[in-house]
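Engineer: Attaching a single structure in structure tokens format; questions to follow.
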Amino acid sequence: MAVTTESTTLLVIGGGPGGYVAAIRAGQLGIPTVLVEGGELGGTCLNIGCIPSKALIHAADAFHQAASHAGESPLGIRAGAPTIDVTQTVAWKDGIVKRLTGGVGALLKKNGATVVRGWARILDGKTVEVETGGDALRIRCEHLLLATGSTPVELPFLPFGGNVVSSTEALAPASLPEHLVVVGAGYIGLELGIAYRKLGARVTVVEAAGRVLPAYDDDLAKPVAASLKRLGVTVHLESSVPGLADDGRGVRMKNGGGEESVLAADRILVAVGRRPRTDGYGLESLLLDMNGRHVRIDNQCRTSMRNVWAIGDLTGEPMLAHRAMAQGEMVAEIIAGKRRHFTPAAIPAVCFTDPEVVVVGMTPQEAATLGVDCVTASFPFSANGRAMTLEATDGFVRVVARRDNHVIVGWQAVGGAVSELSAAFVQSIEMGALLEDVGGTIHAHPTLSEAMQEAALRALGRALHI
């Protein structure tokens with residue numbers, strides 16, 4: 001095997017959102033940059049995560065809407081029962097992914113970053129070796145950026161394979177199952193479970209906690225639980241799955257009382273979280289300080305080794321693509337000599353369930369735990385004209401602000417299309433807005449965003465429409 005050597009200033013391992021943004025920004029700043037990626041550019045998010053899941057959710061919503069008009073519709077629409085060609089749906093989804101990943105490649109090239117296709121193996125903090133077509137390329141660098149992302153957690157008693165799938169396989173189905181069992185009622189399990197239900201599959205969710213979306217507060221989870229019931233999704237709470245049924249055609253389920261039963265199913269989706277991708281590329285050779293499974297970093301994404309940086313899911317929660325992107329951009333700017341620190345006032349988190357859930361900044365419970373005296377107010381979508389016209393009156397917008405000076409420290413919302421309010425939420429916190437600022441800003445009518453203004457006015461004791 002022939003070995004060639006080259007040098008660069010910045011070497012990025014991983015072409016996901018964090019890695020490719022770091023490489024693009026470094027290129028813009030004139031930093032010689034090499035990005036190594038063994039799979040497809042765009043990483044989990046573009047290929048087997050954020051983007052394809054939202055495409056599948058949209059297709060499922062469209063099919064569900066069409067099906068709802070097959071009988072009596074309050075809108076006066078009469079239509080025949082729809083059918084769906086899942087193969088075409090997946091092909092449409094794949095087309096979106098291909099356009100986006102192709103765009104990432106074009107942006108990297110445009111900004112002068114070199115992409116090396118292959119799996120990296122770390123030799124030391126300044127040297128990486130990549131096998132490319134039977135030969136090896138050894139790359140020396142001044143700065144090494146680790147952006148290797150995460151992978152789905154696999155349960156030892158429910159290993160992936162056959163009819164047991166992760167989110168990756170669930171996003172590219174060759175056919176729809178008759179009965180899908182989802183293990184885990186977090187955002188990934190519920191997003192995909194709801195989509196499959198709307199596409200016509202029977203869906204059962206098994207969750208060890210006492211409610212769905214256990215990482216979110218009860219007020220936000222309740223409308224989602226109500227939606228699951230309306231859609232006909234069966235939910236077993238305080239229950240666990242010890243393993244497959246004896247015949248492999250389903251799972252064994254144990255409820256809170258210890259009673260065991262069998263859930264027959266032709267597909268099982270395991271969605272119990274994600275873990276950092278730390279294996280298989282020699283990370284352990286660097287002997288970096290760790291936080292459990294995650295690489296420990298400071299507020300500049302520096303690891304315990306000089307000029308070795310880490311970003312994104314590899315560094316722990318929140319495992320969000322937009323966090324990785326912001327970190328990658330910052331690292332490139334620090335290497336270029338700019339003064340930067342990763343100290344966002346808030347990072348938005350969105351569940352694309354039905355209804356959607358948004359959390360930005362502190363919740364009332366978190367404020368109380370931290371000893372921050374806050375005023376909290378909610379405005380229901382049932383009193384919002386635009387929500388009524390969209391047939392999406394479940395849910396609310398909630399604001400959390402300091403009682404003494406009215407500085408807004410948090411927003412939460414649950415409802416149809418509330419993901420699109422997340423930018424306004426986080427911007428108000430980053431800019432240090434007061435309740436008076438939001439309450440005094442003219443919001444377009446009729447829009448869902450009026451609920452944001454009304455929540456702020458209600459916190460000031462002068463809501464207009466409730």
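Residues are named by chain letter and number: chains run A, B, ... in the order of the structure tokens, numbers start at 1 in each chain, and ligands are numbered from 1 in the order shown.
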Using only C-alpha atoms, what does the table of stretch 277-352 of chain A residues within 6 Å of stretch 2-22 of chain A look like, with each row giving the shortest atom pair and its distance in Å to one decimal, sorted by chain and ascending number, as a tab-separated table?
Structural biologist:
```
residue	atom	partner	partner_atom	distance
A:Ala321	CA	A:Pro17	CA	5.9
A:Ala324	CA	A:Gly18	CA	4.3
A:Met325	CA	A:Gly18	CA	4.3
A:Gly328	CA	A:Ala22	CA	4.1
A:Glu329	CA	A:Ala22	CA	4.9
A:Ala332	CA	A:Ala22	CA	5.6
```
Engineer: Could the residues in this selection be written to a file with N, CA and C atoms, as a short mmCIF file (atom, residue, chain, number, x, y, z; two decimals), in the first residue's frame?
Structural biologist:
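Result saved to again.cif:
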```cif
data_model
loop_
_atom_site.label_atom_id
_atom_site.label_comp_id
_atom_site.auth_asym_id
_atom_site.auth_seq_id
_atom_site.Cartn_x
_atom_site.Cartn_y
_atom_site.Cartn_z
N ALA A 321 -28.26 19.94 15.39
CA ALA A 321 -27.45 20.34 14.24
C ALA A 321 -27.08 21.81 14.29
N ALA A 324 -24.15 22.48 16.52
CA ALA A 324 -22.89 22.09 15.88
C ALA A 324 -22.46 23.11 14.84
N MET A 325 -23.42 23.61 14.05
CA MET A 325 -23.09 24.62 13.04
C MET A 325 -22.48 25.87 13.66
N GLY A 328 -18.99 25.11 14.90
CA GLY A 328 -18.04 24.98 13.79
C GLY A 328 -17.62 26.32 13.24
N GLU A 329 -18.58 27.20 13.06
CA GLU A 329 -18.28 28.55 12.58
C GLU A 329 -17.34 29.27 13.54
N ALA A 332 -13.63 27.97 13.44
CA ALA A 332 -12.92 28.50 12.28
C ALA A 332 -12.48 29.93 12.51
#
```
Engineer: Run DSSP on the backbone and tell me which residues of stretch 97-172 of chain A come out as helix (DSSP H, G or I); list them as a list in words.
Structural biologist: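 Secondary structure check on stretch 97-172 of chain A, helix (DSSP H, G or I): Val97, Lys98, Arg99, Leu100, Thr101, Gly102, Gly103, Val104, Gly105, Ala106, Leu107, Leu108, Lys109, Lys110, Ser167, Thr168, Glu169 and Ala170 of chain A.
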Engineer: Counting only C-alpha atoms, which residues in stretch 229-316 of chain A sit no more than 9 Å from stretch 161-184 of chain A? For each one, give the nearest pair of atoms and the distance in Å, sorted by chain then residue number, as a Markdown table.
Structural biologist:
```
| residue | atom | partner | partner_atom | distance |
| --- | --- | --- | --- | --- |
| A:Ser240 | CA | A:Val183 | CA | 8.2 |
| A:Val241 | CA | A:Val183 | CA | 7.4 |
| A:Gly248 | CA | A:Asn163 | CA | 8.4 |
| A:Arg249 | CA | A:Asn163 | CA | 8.1 |
| A:Gly250 | CA | A:Val181 | CA | 8.0 |
| A:Val251 | CA | A:Val181 | CA | 8.2 |
| A:Leu263 | CA | A:Val181 | CA | 7.9 |
| A:Ala264 | CA | A:His179 | CA | 7.8 |
| A:Ala265 | CA | A:His179 | CA | 5.1 |
| A:Asp266 | CA | A:His179 | CA | 5.9 |
| A:Arg267 | CA | A:Asn163 | CA | 4.7 |
| A:Ile268 | CA | A:Val164 | CA | 4.7 |
| A:Leu269 | CA | A:Val182 | CA | 4.7 |
| A:Val270 | CA | A:Val183 | CA | 4.9 |
| A:Ala271 | CA | A:Gly184 | CA | 5.2 |
| A:Val272 | CA | A:Gly184 | CA | 5.1 |
| A:Gly273 | CA | A:Gly184 | CA | 8.2 |
```
Engineer: I'd like the neighbourhood of A:Leu320 as a PyMOL selection string, where a residue qualifies if any of its atoms comes within 8 Å (using only C-alpha atoms), though same-chain residues fewer than 6 positions away should be ignored.
Structural biologist: chain A and resi 312-313+349
Engineer: If you measure from atom CA of A:Leu35 to atom CA of A:Leu108, what distance in Å do you get, rounded to one decimal?
Structural biologist: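 Computing the Euclidean distance for atom CA of A:Leu35 and atom CA of A:Leu108 yields 9.1 Å.
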Engineer: Give me, as a ChimeraX atom specification, all polymer residues having an atom no more than 7 Å from A:Val438, counting only C-alpha atoms and skipping those fewer than 4 positions away in the same chain.
Structural biologist: /A:434,453,456
Engineer: Could you pull the residues within 7 Å of A:Gly27, counting only C-alpha atoms, minus those fewer than 5 positions along the same chain, as a ChimeraX atom specification?
Structural biologist: /A:32-33,111-113
Engineer: DSSP on the backbone, strand (DSSP E) only: what residues of stretch 50-139 of chain A does that give? Format it as a list in words.
Structural biologist: Thr114, Val115, Val116, Arg117, Ala120, Arg121, Ile122, Leu123, Asp124, Thr127, Val128, Glu129, Val130, Glu131, Thr132, Asp135, Ala136, Leu137, Arg138 and Ile139 of chain A
Engineer: I need the chosen residues saved as a JSON list (two decimals), in the first residue's frame, with N, CA and C atoms.
Structural biologist:
```
[["chain", "number", "residue", "atom", "x", "y", "z"],
["A", 114, "THR", "N", -10.80, 21.41, 0.74],
["A", 114, "THR", "CA", -10.57, 20.14, 0.05],
["A", 114, "THR", "C", -11.30, 19.01, 0.77],
["A", 115, "VAL", "N", -12.06, 18.22, 0.03],
["A", 115, "VAL", "CA", -12.78, 17.09, 0.62],
["A", 115, "VAL", "C", -12.04, 15.81, 0.27],
["A", 116, "VAL", "N", -11.70, 15.03, 1.28],
["A", 116, "VAL", "CA", -11.08, 13.73, 1.09],
["A", 116, "VAL", "C", -12.09, 12.66, 1.48],
["A", 117, "ARG", "N", -12.40, 11.78, 0.53],
["A", 117, "ARG", "CA", -13.37, 10.72, 0.78],
["A", 117, "ARG", "C", -12.67, 9.50, 1.37],
["A", 120, "ALA", "N", -11.23, 8.29, 8.38],
["A", 120, "ALA", "CA", -10.01, 8.78, 9.03],
["A", 120, "ALA", "C", -9.61, 7.89, 10.20],
["A", 121, "ARG", "N", -8.31, 7.77, 10.39],
["A", 121, "ARG", "CA", -7.77, 7.11, 11.58],
["A", 121, "ARG", "C", -6.73, 8.03, 12.18],
["A", 122, "ILE", "N", -6.96, 8.42, 13.43],
["A", 122, "ILE", "CA", -6.07, 9.38, 14.10],
["A", 122, "ILE", "C", -4.79, 8.67, 14.53],
["A", 123, "LEU", "N", -3.66, 9.22, 14.11],
["A", 123, "LEU", "CA", -2.36, 8.70, 14.54],
["A", 123, "LEU", "C", -1.85, 9.46, 15.75],
["A", 124, "ASP", "N", -2.02, 10.78, 15.73],
["A", 124, "ASP", "CA", -1.71, 11.62, 16.89],
["A", 124, "ASP", "C", -2.48, 12.92, 16.70],
["A", 127, "THR", "N", -1.79, 14.30, 13.16],
["A", 127, "THR", "CA", -1.67, 13.41, 12.00],
["A", 127, "THR", "C", -2.86, 12.47, 11.91],
["A", 128, "VAL", "N", -3.42, 12.40, 10.71],
["A", 128, "VAL", "CA", -4.54, 11.50, 10.43],
["A", 128, "VAL", "C", -4.23, 10.73, 9.16],
["A", 129, "GLU", "N", -4.59, 9.47, 9.14],
["A", 129, "GLU", "CA", -4.39, 8.66, 7.94],
["A", 129, "GLU", "C", -5.75, 8.24, 7.38],
["A", 130, "VAL", "N", -5.86, 8.34, 6.07],
["A", 130, "VAL", "CA", -7.12, 8.01, 5.40],
["A", 130, "VAL", "C", -6.84, 7.00, 4.29],
["A", 131, "GLU", "N", -7.56, 5.89, 4.32],
["A", 131, "GLU", "CA", -7.43, 4.92, 3.23],
["A", 131, "GLU", "C", -8.32, 5.35, 2.08],
["A", 132, "THR", "N", -7.70, 5.48, 0.91],
["A", 132, "THR", "CA", -8.43, 5.91, -0.28],
["A", 132, "THR", "C", -8.10, 4.99, -1.44],
["A", 135, "ASP", "N", -4.88, 2.76, -1.26],
["A", 135, "ASP", "CA", -3.69, 3.49, -0.82],
["A", 135, "ASP", "C", -4.01, 4.28, 0.44],
["A", 136, "ALA", "N", -3.00, 4.88, 1.02],
["A", 136, "ALA", "CA", -3.20, 5.65, 2.25],
["A", 136, "ALA", "C", -2.71, 7.07, 2.05],
["A", 137, "LEU", "N", -3.50, 8.01, 2.55],
["A", 137, "LEU", "CA", -3.12, 9.41, 2.53],
["A", 137, "LEU", "C", -2.89, 9.84, 3.97],
["A", 138, "ARG", "N", -1.69, 10.30, 4.26],
["A", 138, "ARG", "CA", -1.38, 10.77, 5.62],
["A", 138, "ARG", "C", -1.41, 12.30, 5.60],
["A", 139, "ILE", "N", -2.26, 12.87, 6.46],
["A", 139, "ILE", "CA", -2.45, 14.32, 6.47],
["A", 139, "ILE", "C", -1.94, 14.89, 7.79]]
```
Engineer: Can you check which parts of stretch 272-370 of chain A lie within 10 Å of stretch 393-401 of chain A? Per residue, the shortest pair of atoms and distance in Å to one decimal, counting only C-alpha atoms, sorted by chain and number, as a tab-separated table.
Structural biologist:
```
residue	atom	partner	partner_atom	distance
A:Asp354	CA	A:Asp394	CA	10.0
A:Pro355	CA	A:Asp394	CA	7.6
A:Glu356	CA	A:Gly395	CA	9.1
A:Val357	CA	A:Gly395	CA	9.1
A:Val358	CA	A:Val397	CA	9.2
A:Val359	CA	A:Arg398	CA	9.6
A:Val360	CA	A:Val399	CA	9.7
A:Gly361	CA	A:Val400	CA	8.7
A:Met362	CA	A:Val400	CA	7.2
A:Thr363	CA	A:Val400	CA	6.8
A:Pro364	CA	A:Val400	CA	6.4
A:Ala367	CA	A:Val400	CA	8.4
```
Engineer: Restricting it to N, CA and C atoms, dump the selection as a JSON list (two decimals), in the first residue's frame.
Structural biologist:
```
[["chain", "number", "residue", "atom", "x", "y", "z"],
["A", 354, "ASP", "N", -46.89, 16.08, 16.16],
["A", 354, "ASP", "CA", -48.16, 16.73, 15.87],
["A", 354, "ASP", "C", -48.96, 16.77, 17.16],
["A", 355, "PRO", "N", -49.06, 17.94, 17.80],
["A", 355, "PRO", "CA", -48.53, 19.24, 17.41],
["A", 355, "PRO", "C", -47.03, 19.36, 17.69],
["A", 356, "GLU", "N", -46.41, 20.39, 17.08],
["A", 356, "GLU", "CA", -44.99, 20.65, 17.29],
["A", 356, "GLU", "C", -44.74, 21.24, 18.67],
["A", 357, "VAL", "N", -43.52, 21.08, 19.15],
["A", 357, "VAL", "CA", -43.12, 21.61, 20.46],
["A", 357, "VAL", "C", -41.82, 22.40, 20.29],
["A", 358, "VAL", "N", -41.76, 23.58, 20.90],
["A", 358, "VAL", "CA", -40.55, 24.41, 20.88],
["A", 358, "VAL", "C", -40.20, 24.79, 22.31],
["A", 359, "VAL", "N", -38.93, 24.66, 22.65],
["A", 359, "VAL", "CA", -38.43, 25.11, 23.95],
["A", 359, "VAL", "C", -37.20, 25.96, 23.71],
["A", 360, "VAL", "N", -37.22, 27.18, 24.24],
["A", 360, "VAL", "CA", -36.08, 28.10, 24.12],
["A", 360, "VAL", "C", -35.83, 28.72, 25.49],
["A", 361, "GLY", "N", -34.62, 28.64, 25.98],
["A", 361, "GLY", "CA", -34.29, 29.25, 27.26],
["A", 361, "GLY", "C", -34.87, 28.48, 28.43],
["A", 362, "MET", "N", -35.12, 29.19, 29.52],
["A", 362, "MET", "CA", -35.57, 28.55, 30.76],
["A", 362, "MET", "C", -37.06, 28.29, 30.78],
["A", 363, "THR", "N", -37.42, 27.11, 31.28],
["A", 363, "THR", "CA", -38.82, 26.82, 31.57],
["A", 363, "THR", "C", -39.13, 27.36, 32.97],
["A", 364, "PRO", "N", -40.41, 27.46, 33.34],
["A", 364, "PRO", "CA", -40.74, 27.90, 34.70],
["A", 364, "PRO", "C", -40.09, 27.02, 35.77],
["A", 367, "ALA", "N", -36.34, 27.81, 36.01],
["A", 367, "ALA", "CA", -36.13, 29.09, 36.68],
["A", 367, "ALA", "C", -36.28, 28.93, 38.19]]
```
Engineer: From the list A:Asp246, A:Asp437, A:Glu37, A:Glu238, which residue is nearest A:Ala23 when using only C-alpha atoms?
Structural biologist: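 Closest to A:Ala23 of all the choices is A:Glu37.
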Engineer: Could you list, with a cut-off of 12 Å and counting only C-alpha atoms, the residues of stretch 89-156 of chain A near stretch 294-299 of chain A, each shown with its nearest atom pair and the distance in Å rounded to one decimal, rows sorted by chain and ascending number, as CSV?
Structural biologist:
```
residue,atom,partner,partner_atom,distance
A:Leu145,CA,A:Ile297,CA,11.9
A:Leu146,CA,A:Val295,CA,9.5
A:Ala147,CA,A:Val295,CA,10.7
A:Thr148,CA,A:Val295,CA,11.0
A:Gly149,CA,A:His294,CA,10.5
A:Ser150,CA,A:His294,CA,10.1
```
Engineer: So how far away is atom CA of A:Gly118 from atom CA of A:Ala55, in Å?
Structural biologist: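 Straight-line distance from atom CA of A:Ala55 to atom CA of A:Gly118 works out to 28.2 Å.
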Engineer: Please provide as a list in words all residues within 7 Å of A:Val104, with the sequence filter that same-chain residues fewer than 4 positions apart are discarded (counting only C-alpha atoms).
Structural biologist: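 Everything that qualifies: Leu41, Gly42, Leu100 and Leu108 of chain A.
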Engineer: Could those residues be written to a file, using C-alpha atoms, as a PDB file, in the first residue's frame?
Structural biologist:
```
ATOM      1  CA  LEU A  41     -21.516  15.015   3.040  1.00  0.00           C
ATOM      2  CA  GLY A  42     -24.161  16.435   5.342  1.00  0.00           C
ATOM      3  CA  LEU A 100     -28.840  19.459  -0.299  1.00  0.00           C
ATOM      4  CA  LEU A 108     -16.990  23.530   0.114  1.00  0.00           C
TER       5      LEU A 108
END
```
Engineer: Between A:Ala368, A:Thr151, A:Ile57, A:Ile429, which one has atoms that come closest to A:Thr278, using only C-alpha atoms?
Structural biologist: A:Thr151
